[in-house]
Amino acid sequence: MALIELKNVTYQVGDEQVLKEVNLKLEEGDWFTLTGPSGCGKSTILRLIADLISATSGELTYQGQAIESYQPEEYRRQVSYCFQQANLFGETVRDNLEFPYLVRGQKLDQKRAEAVLKTVALDTSYLDKKVVDLSGGEKQRVGLVRNLLFTPQVLLLDEVTTGLDEENKWIVRATIEDAYQQGVTIMEITHDQVELANAKHLVKMEEKGLLNA
């Protein structure tokens with residue numbers, strides 16, 4: 001049984017058909033890389049899997065059950081989505097790292113936060129840094145930390161290294177690789193040629209999501 005499966009999924013906005021009858025399986029422990037031309041529906045697939053939007057028709061399952069059968073909070077604890085540009089909020093890094101704890105009715109585990117910050121080469125002083133003072137690469141690394149404080153089963157990555165310099169790109173990739181080695185299932189979108197060359201399971205998309213493995 002696939003961990004996540006799309007069965008004949010179509011997504012339409014008004015008269016525009018973005019995806020047409022897409023079938024896709026994501027197996028547990030996989031590192032699944034999607035590539036293809038802009039506008040072919042790659043990000044739409046990730047947003048559907050993340051339960052940020054709903055399919056017009058077809059079925060999307062997680063662990064063999066329709067995702068609609070899960071409480072949204074429960075589902076998103078297991079399936080975590082990283083945007084192309086980290087969507088940070090509040091005043092400080094601490095505000096962002098407290099959020100996953102607040103939605104669980106818990107207080108920030110500072111030791112855990114500091115440990116995960118270190119994995120992306122940010123020292124403990126970053127907890128109290130203002131979001132507006134962070135570079136683009138630092139923001140992306142903080143966003144990744146926020147997603148990994150509570151280890152998800154699936155990590156969805158929407159071009160998370162796009163626009164980063166080589167140092168930040170290397171740090172982000174190393175952190176993702178570490179999560180994968182710890183058993184996190186990865187599904188990513190990338191156009192980076194080095195990442196594509198090293199992809200473990202590469203799938204190319206065409207217009208409206210026609211998949212070519």
# chains A, B, ... in the order shown; residues from 1 in each chain; ligands from 1

$ residues_around --residues "A:Asp128" --least-positions-apart "6" --cutoff "9 Å" --atoms "only C-alpha atoms" --output "PyMOL selection string"
chain A and resi 91-95

$ write_last_selection --atoms "N, CA and C atoms" --output "short mmCIF file (atom, residue, chain, number, x, y, z; two decimals), in the first residue's frame"
data_model
loop_
_atom_site.label_atom_id
_atom_site.label_comp_id
_atom_site.auth_asym_id
_atom_site.auth_seq_id
_atom_site.Cartn_x
_atom_site.Cartn_y
_atom_site.Cartn_z
N GLU A 91 7.46 38.56 15.18
CA GLU A 91 8.60 39.47 15.24
C GLU A 91 9.93 38.73 15.21
N THR A 92 10.00 37.59 15.87
CA THR A 92 11.29 36.91 16.04
C THR A 92 11.24 35.47 15.54
N VAL A 93 12.43 34.88 15.45
CA VAL A 93 12.54 33.46 15.12
C VAL A 93 11.82 32.63 16.18
N ARG A 94 11.95 33.02 17.44
CA ARG A 94 11.27 32.30 18.53
C ARG A 94 9.76 32.22 18.29
N ASP A 95 9.15 33.32 17.81
CA ASP A 95 7.72 33.33 17.54
C ASP A 95 7.35 32.22 16.56
#

$ residues_around --residues "A:Ser54" --least-positions-apart "6" --cutoff "12 Å" --atoms "only C-alpha atoms" --output "VMD selection string"
chain A and resid 6 9 to 13 19 44 to 48 60 66 to 68

$ write_last_selection --atoms "C-alpha atoms" --output "PDB file, in the first residue's frame"
ATOM      1  CA  LEU A   6      -3.501  10.161  -6.172  1.00  0.00           C
ATOM      2  CA  VAL A   9      -7.097  13.433  -9.701  1.00  0.00           C
ATOM      3  CA  THR A  10      -8.321  16.439 -11.651  1.00  0.00           C
ATOM      4  CA  TYR A  11      -8.017  20.021 -10.434  1.00  0.00           C
ATOM      5  CA  GLN A  12      -9.827  22.844 -12.140  1.00  0.00           C
ATOM      6  CA  VAL A  13     -10.098  26.586 -11.444  1.00  0.00           C
ATOM      7  CA  LEU A  19      -4.427  18.829 -13.626  1.00  0.00           C
ATOM      8  CA  THR A  44      -0.652  22.099  -7.403  1.00  0.00           C
ATOM      9  CA  ILE A  45       0.125  18.431  -6.724  1.00  0.00           C
ATOM     10  CA  LEU A  46       2.076  19.363  -3.585  1.00  0.00           C
ATOM     11  CA  ARG A  47      -0.697  21.676  -2.373  1.00  0.00           C
ATOM     12  CA  LEU A  48      -3.268  18.927  -2.931  1.00  0.00           C
ATOM     13  CA  LEU A  60      -6.239  11.285  -2.702  1.00  0.00           C
ATOM     14  CA  ALA A  66      -9.082   9.448   2.058  1.00  0.00           C
ATOM     15  CA  ILE A  67      -7.373  12.543   3.437  1.00  0.00           C
ATOM     16  CA  GLU A  68     -10.815  14.008   4.155  1.00  0.00           C
TER      17      GLU A  68
END

$ closest_atom_pairs --of "stretch 26-49 of chain A" --to "stretch 180-202 of chain A" --cutoff "9 Å" --atoms "only C-alpha atoms" --output "tab-separated table"
residue	atom	partner	partner_atom	distance
A:Leu26	CA	A:Met187	CA	8.0
A:Glu27	CA	A:Thr185	CA	7.9
A:Glu28	CA	A:Thr185	CA	5.9
A:Gly29	CA	A:Thr185	CA	4.7
A:Asp30	CA	A:Thr185	CA	5.3
A:Trp31	CA	A:Ile186	CA	4.6
A:Phe32	CA	A:Met187	CA	4.6
A:Thr33	CA	A:Leu202	CA	4.8
A:Leu34	CA	A:Ile189	CA	4.8
A:Thr35	CA	A:Thr190	CA	5.8
A:Gly36	CA	A:His191	CA	7.8
A:Pro37	CA	A:His191	CA	9.0
A:Lys42	CA	A:Ile189	CA	7.0
A:Ser43	CA	A:Ile189	CA	7.5
A:Leu46	CA	A:Met187	CA	8.1

$ write_last_selection --atoms "C-alpha atoms" --output "mmCIF file, in the first residue's frame"
data_model
loop_
_atom_site.group_PDB
_atom_site.id
_atom_site.type_symbol
_atom_site.label_atom_id
_atom_site.label_comp_id
_atom_site.auth_asym_id
_atom_site.auth_seq_id
_atom_site.Cartn_x
_atom_site.Cartn_y
_atom_site.Cartn_z
ATOM 1 C CA LEU A 26 4.461 7.949 -3.020
ATOM 2 C CA GLU A 27 5.894 5.001 -1.141
ATOM 3 C CA GLU A 28 7.030 5.152 2.480
ATOM 4 C CA GLY A 29 10.742 5.947 2.682
ATOM 5 C CA ASP A 30 10.848 7.332 -0.864
ATOM 6 C CA TRP A 31 12.608 10.515 -2.015
ATOM 7 C CA PHE A 32 10.409 11.554 -4.922
ATOM 8 C CA THR A 33 11.582 14.438 -7.130
ATOM 9 C CA LEU A 34 9.200 16.209 -9.518
ATOM 10 C CA THR A 35 10.429 18.363 -12.371
ATOM 11 C CA GLY A 36 8.869 19.846 -15.484
ATOM 12 C CA PRO A 37 8.045 23.155 -17.180
ATOM 13 C CA LYS A 42 3.807 20.535 -9.964
ATOM 14 C CA SER A 43 3.043 22.906 -7.096
ATOM 15 C CA LEU A 46 2.076 19.363 -3.585
#

$ select_by_dssp --residues "stretch 59-169 of chain A" --states "strand (DSSP E)" --output "VMD selection string"
chain A and resid 59 to 62 65 to 66 79 to 82 154 to 158

$ select_by_dssp --residues "stretch 145-179 of chain A" --states "helix (DSSP H, G or I)" --output "count of residues only"
18
